[in-house]
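A.B. asks: Quick one: the structure is below, questions incoming.
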Amino acid sequence: MTDDAYLDGLLDELVVTEPREAWCDVVARARRSRRRYVTVVAAIATLVVAPSAWAIHHLWSTSQAAASGITLSAPETPTPSTGDANAAVNAATSWYPDHAVVSHQFAHCIDVQSVPRLNEDCWAVFLDPGNEMGNGPFGPGSTSQRATYLLVLVDPSTDKVIEAASGSSR
Amino acid sequence: MLDDLEALYRDRLPEYTRAATAIVGDRESGRDAVQDAFVKAVRKRRRFRSDGPLEAWVLRIVVNTARDARRSGSRRAETPGGVAARGEVAVRAEELGLPLELLTERQREVLFLHYYADLEYVTIAQALDISEGTVGATLSAARLTLRNALTKEVSR
């Protein structure tokens, strides 16, 4: 049988790369990201604190959550910092770059339809559904129609999108 | 904390870059993945819990960023027929006769982290969120698969 030394030699030849050391660039980019998030949060705060008639109409409700098979309740762990909220909003908008942020909240998220079942604290970011289509109220006979909500759930520890759901509660 | 991250960056950049390059599949994306991962680490440093080693936490971010880069790179490289263009590492592996395609994603990651990042099992386990025993078993299985394939090739 081929020995380990031979295999190690092949692995050694497989990846040859020169690192590009630029710590200053890392720090500068991290600061720029933070400034951008502050801007995003200011925009969200404007929507939440002084909601327009449009925003009120589109705000997420418990009935909409139930309609998608997703339920949001009080989180079991402390709400993360504002910076973490910014990262979650950023993750959501990177999935749907053309959809405005309506609001966000830290909640205990349960999705009975996902496999494996989602049952953890996460960020729930609500976006303007725009022209998205979605299913009607969750259950037998559910039909596709113009979405009235677009929800993106984001993992608070990794800032990765867990899942997104759009639908209509009408 | 920022000083610790800087020290880790300066000490371990070559190893991380090599491991990330192996995971992503090309050198430029590997270097970018490490830079991006450290940007994330700096931004999220207050979230680090000191009950585990900093290196494992950073390494997890590096691996996740490299995975994301590989997946988005694969999507970009897909032709209309749905066949993805192969990266530099895959091409080089074929030139060397190293059948990486026989390994699972986890086997490749464990192998790359162990070999290129020169990490102990416990750090790899923490970074990939698996047990130390699984790291050892996965590494053994990966090396056995490669050795067997190479032996068959040589005996032909």
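Labels used: A, B, ... for chains in the order of the structure tokens, numbers from 1 for residues in each chain, and numbers from 1 for ligands as shown.
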Contacts from chain A to chain B, 7 Å maximum, only C-alpha atoms: show me the residue list as a ChimeraX atom specification.
C.D. replies: /A:1-2,7,10,14-15,17,19-20,26-27,29-30
A.B. asks: Taking only segment 94-156 of chain B into account, list the residues labelled helix (DSSP H, G or I) by DSSP (computed from the backbone), as a PyMOL selection string.
C.D. replies: chain B and resi 94-96+100-102+105-115+121-128+132-155
A.B. asks: May I have the selected residues written with C-alpha atoms, as a PDB file, in the first residue's frame?
C.D. replies:
ATOM      1  CA  GLU B  94      -5.908  15.524 -11.028  1.00  0.00           C
ATOM      2  CA  GLU B  95      -2.406  16.341 -12.252  1.00  0.00           C
ATOM      3  CA  LEU B  96      -0.963  14.759  -9.115  1.00  0.00           C
ATOM      4  CA  LEU B 100      -9.936  14.087  -3.678  1.00  0.00           C
ATOM      5  CA  GLU B 101     -13.318  13.502  -5.282  1.00  0.00           C
ATOM      6  CA  LEU B 102     -13.492  10.185  -3.394  1.00  0.00           C
ATOM      7  CA  GLU B 105     -16.861  17.232   2.263  1.00  0.00           C
ATOM      8  CA  ARG B 106     -16.169  16.595   5.948  1.00  0.00           C
ATOM      9  CA  GLN B 107     -13.249  14.293   5.176  1.00  0.00           C
ATOM     10  CA  ARG B 108     -11.708  16.935   2.933  1.00  0.00           C
ATOM     11  CA  GLU B 109     -12.144  19.680   5.516  1.00  0.00           C
ATOM     12  CA  VAL B 110     -10.673  17.630   8.351  1.00  0.00           C
ATOM     13  CA  LEU B 111      -7.773  16.553   6.156  1.00  0.00           C
ATOM     14  CA  PHE B 112      -7.054  20.112   4.994  1.00  0.00           C
ATOM     15  CA  LEU B 113      -7.295  21.602   8.485  1.00  0.00           C
ATOM     16  CA  HIS B 114      -5.053  18.925   9.929  1.00  0.00           C
ATOM     17  CA  TYR B 115      -2.517  18.999   7.154  1.00  0.00           C
ATOM     18  CA  TYR B 121      -7.604  17.243  16.820  1.00  0.00           C
ATOM     19  CA  VAL B 122      -9.189  19.173  19.671  1.00  0.00           C
ATOM     20  CA  THR B 123      -9.004  22.490  17.798  1.00  0.00           C
ATOM     21  CA  ILE B 124     -10.364  20.961  14.600  1.00  0.00           C
ATOM     22  CA  ALA B 125     -13.171  19.386  16.631  1.00  0.00           C
ATOM     23  CA  GLN B 126     -14.110  22.730  18.178  1.00  0.00           C
ATOM     24  CA  ALA B 127     -13.919  24.529  14.858  1.00  0.00           C
ATOM     25  CA  LEU B 128     -16.106  22.019  13.016  1.00  0.00           C
ATOM     26  CA  GLU B 132     -12.392  14.828  18.855  1.00  0.00           C
ATOM     27  CA  GLY B 133     -12.971  11.135  18.208  1.00  0.00           C
ATOM     28  CA  THR B 134     -14.854  11.948  15.014  1.00  0.00           C
ATOM     29  CA  VAL B 135     -11.919  14.052  13.831  1.00  0.00           C
ATOM     30  CA  GLY B 136      -9.548  11.128  14.314  1.00  0.00           C
ATOM     31  CA  ALA B 137     -11.857   8.623  12.656  1.00  0.00           C
ATOM     32  CA  THR B 138     -12.617  10.965   9.756  1.00  0.00           C
ATOM     33  CA  LEU B 139      -8.954  11.691   9.181  1.00  0.00           C
ATOM     34  CA  SER B 140      -8.055   7.992   9.241  1.00  0.00           C
ATOM     35  CA  ALA B 141     -10.848   7.174   6.812  1.00  0.00           C
ATOM     36  CA  ALA B 142      -9.808   9.965   4.464  1.00  0.00           C
ATOM     37  CA  ARG B 143      -6.172   8.917   4.419  1.00  0.00           C
ATOM     38  CA  LEU B 144      -7.099   5.252   3.967  1.00  0.00           C
ATOM     39  CA  THR B 145      -9.359   6.086   1.031  1.00  0.00           C
ATOM     40  CA  LEU B 146      -6.625   8.102  -0.643  1.00  0.00           C
ATOM     41  CA  ARG B 147      -3.901   5.533   0.050  1.00  0.00           C
ATOM     42  CA  ASN B 148      -6.034   2.695  -1.314  1.00  0.00           C
ATOM     43  CA  ALA B 149      -6.855   4.641  -4.463  1.00  0.00           C
ATOM     44  CA  LEU B 150      -3.213   5.585  -4.978  1.00  0.00           C
ATOM     45  CA  THR B 151      -2.093   1.987  -4.450  1.00  0.00           C
ATOM     46  CA  LYS B 152      -4.557   0.766  -7.079  1.00  0.00           C
ATOM     47  CA  GLU B 153      -3.331   3.404  -9.472  1.00  0.00           C
ATOM     48  CA  VAL B 154       0.311   2.475  -8.894  1.00  0.00           C
ATOM     49  CA  SER B 155      -0.339  -1.259  -9.339  1.00  0.00           C
TER      50      SER B 155
END
A.B. asks: If you count only C-alpha atoms, which residues fall within 9 Å of Val101 of chain A, apart from same-chain ones fewer than 2 positions away, as a list in words?
C.D. replies: Ala43, Ile44, Leu47, Val89, Ala92, Thr93, His99, Ser103, His104, Val125, Phe126, Leu127 and Asp128 of chain A
A.B. asks: Please produce an output containing N, CA and C atoms for each residue in the selection, written as a PDB file, in the first residue's frame.
C.D. replies:
ATOM      1  N   ALA A  43     -32.079  53.606   9.580  1.00  0.00           N
ATOM      2  CA  ALA A  43     -33.210  53.499   8.654  1.00  0.00           C
ATOM      3  C   ALA A  43     -34.312  52.624   9.244  1.00  0.00           C
ATOM      4  N   ILE A  44     -33.898  51.538   9.892  1.00  0.00           N
ATOM      5  CA  ILE A  44     -34.893  50.643  10.501  1.00  0.00           C
ATOM      6  C   ILE A  44     -35.612  51.359  11.636  1.00  0.00           C
ATOM      7  N   LEU A  47     -38.320  53.418  10.494  1.00  0.00           N
ATOM      8  CA  LEU A  47     -39.515  52.644  10.141  1.00  0.00           C
ATOM      9  C   LEU A  47     -40.281  52.195  11.372  1.00  0.00           C
ATOM     10  N   VAL A  89     -29.842  41.824  10.001  1.00  0.00           N
ATOM     11  CA  VAL A  89     -30.557  42.569   8.958  1.00  0.00           C
ATOM     12  C   VAL A  89     -29.747  42.528   7.662  1.00  0.00           C
ATOM     13  N   ALA A  92     -30.151  39.216   5.988  1.00  0.00           N
ATOM     14  CA  ALA A  92     -31.466  39.086   5.345  1.00  0.00           C
ATOM     15  C   ALA A  92     -31.516  39.867   4.042  1.00  0.00           C
ATOM     16  N   THR A  93     -30.999  41.084   4.065  1.00  0.00           N
ATOM     17  CA  THR A  93     -31.076  41.912   2.858  1.00  0.00           C
ATOM     18  C   THR A  93     -30.100  41.441   1.782  1.00  0.00           C
ATOM     19  N   HIS A  99     -35.528  44.246  -1.486  1.00  0.00           N
ATOM     20  CA  HIS A  99     -36.691  44.337  -0.596  1.00  0.00           C
ATOM     21  C   HIS A  99     -36.340  45.180   0.626  1.00  0.00           C
ATOM     22  N   SER A 103     -39.167  45.552   9.585  1.00  0.00           N
ATOM     23  CA  SER A 103     -38.813  45.549  11.001  1.00  0.00           C
ATOM     24  C   SER A 103     -38.040  44.270  11.309  1.00  0.00           C
ATOM     25  N   HIS A 104     -37.542  44.186  12.506  1.00  0.00           N
ATOM     26  CA  HIS A 104     -36.871  42.959  12.915  1.00  0.00           C
ATOM     27  C   HIS A 104     -37.078  42.758  14.413  1.00  0.00           C
ATOM     28  N   VAL A 125     -36.434  38.816  10.569  1.00  0.00           N
ATOM     29  CA  VAL A 125     -36.346  40.081   9.825  1.00  0.00           C
ATOM     30  C   VAL A 125     -37.480  40.111   8.801  1.00  0.00           C
ATOM     31  N   PHE A 126     -38.300  41.144   8.880  1.00  0.00           N
ATOM     32  CA  PHE A 126     -39.461  41.251   8.001  1.00  0.00           C
ATOM     33  C   PHE A 126     -39.148  42.221   6.878  1.00  0.00           C
ATOM     34  N   LEU A 127     -39.318  41.760   5.662  1.00  0.00           N
ATOM     35  CA  LEU A 127     -39.023  42.581   4.488  1.00  0.00           C
ATOM     36  C   LEU A 127     -40.312  42.864   3.728  1.00  0.00           C
ATOM     37  N   ASP A 128     -40.282  43.931   2.964  1.00  0.00           N
ATOM     38  CA  ASP A 128     -41.401  44.223   2.072  1.00  0.00           C
ATOM     39  C   ASP A 128     -41.470  43.111   1.030  1.00  0.00           C
TER      40      ASP A 128
END
A.B. asks: Quick one: pull the distance between atom CA of Thr104 of chain B and atom CA of Glu18 of chain A, Å, one decimal.
C.D. replies: 26.8 Å
A.B. asks: State, in Å with one decimal place, the distance from atom CA of Ala33 of chain B to atom CA of Arg70 of chain B.
C.D. replies: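 So the answer is 9.5 Å.
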A.B. asks: Just want the 8 Å neighbourhood of Asp155 of chain A, counted on only C-alpha atoms, with same-chain residues fewer than 2 positions away dropped. Output as a PyMOL selection string.
C.D. replies: chain A and resi 88+121-123+153+157-162
A.B. asks: Grab the residues selected above and save them as a PDB file, in the first residue's frame with N, CA and C atoms.
C.D. replies:
ATOM      1  N   ALA A  88     -27.707  40.700  11.416  1.00  0.00           N
ATOM      2  CA  ALA A  88     -28.839  39.861  10.998  1.00  0.00           C
ATOM      3  C   ALA A  88     -29.608  40.531   9.867  1.00  0.00           C
ATOM      4  N   ASP A 121     -33.869  30.250  19.369  1.00  0.00           N
ATOM      5  CA  ASP A 121     -33.909  31.708  19.304  1.00  0.00           C
ATOM      6  C   ASP A 121     -33.224  32.162  18.025  1.00  0.00           C
ATOM      7  N   CYS A 122     -33.835  33.110  17.344  1.00  0.00           N
ATOM      8  CA  CYS A 122     -33.225  33.612  16.120  1.00  0.00           C
ATOM      9  C   CYS A 122     -33.723  35.032  15.849  1.00  0.00           C
ATOM     10  N   TRP A 123     -33.075  35.674  14.883  1.00  0.00           N
ATOM     11  CA  TRP A 123     -33.541  36.982  14.428  1.00  0.00           C
ATOM     12  C   TRP A 123     -34.619  36.773  13.372  1.00  0.00           C
ATOM     13  N   LEU A 153     -35.413  34.340   8.627  1.00  0.00           N
ATOM     14  CA  LEU A 153     -34.929  33.962   9.956  1.00  0.00           C
ATOM     15  C   LEU A 153     -33.404  33.815   9.893  1.00  0.00           C
ATOM     16  N   SER A 157     -25.908  33.310  16.086  1.00  0.00           N
ATOM     17  CA  SER A 157     -24.506  33.009  16.381  1.00  0.00           C
ATOM     18  C   SER A 157     -23.630  33.043  15.136  1.00  0.00           C
ATOM     19  N   THR A 158     -24.229  32.787  13.971  1.00  0.00           N
ATOM     20  CA  THR A 158     -23.426  32.753  12.741  1.00  0.00           C
ATOM     21  C   THR A 158     -23.811  33.840  11.754  1.00  0.00           C
ATOM     22  N   ASP A 159     -24.946  34.507  11.998  1.00  0.00           N
ATOM     23  CA  ASP A 159     -25.469  35.509  11.059  1.00  0.00           C
ATOM     24  C   ASP A 159     -25.789  34.895   9.702  1.00  0.00           C
ATOM     25  N   LYS A 160     -26.061  33.623   9.694  1.00  0.00           N
ATOM     26  CA  LYS A 160     -26.441  32.981   8.436  1.00  0.00           C
ATOM     27  C   LYS A 160     -27.965  32.872   8.380  1.00  0.00           C
ATOM     28  N   VAL A 161     -28.499  32.982   7.175  1.00  0.00           N
ATOM     29  CA  VAL A 161     -29.931  32.832   7.006  1.00  0.00           C
ATOM     30  C   VAL A 161     -30.319  31.378   7.231  1.00  0.00           C
ATOM     31  N   ILE A 162     -31.254  31.147   8.127  1.00  0.00           N
ATOM     32  CA  ILE A 162     -31.722  29.789   8.389  1.00  0.00           C
ATOM     33  C   ILE A 162     -32.759  29.411   7.337  1.00  0.00           C
TER      34      ILE A 162
END
A.B. asks: Which one of A:Ala164, A:Val16, A:Leu11, A:Leu72 sits closest to Ile110 of chain A if you count only C-alpha atoms?
C.D. replies: A:Leu72
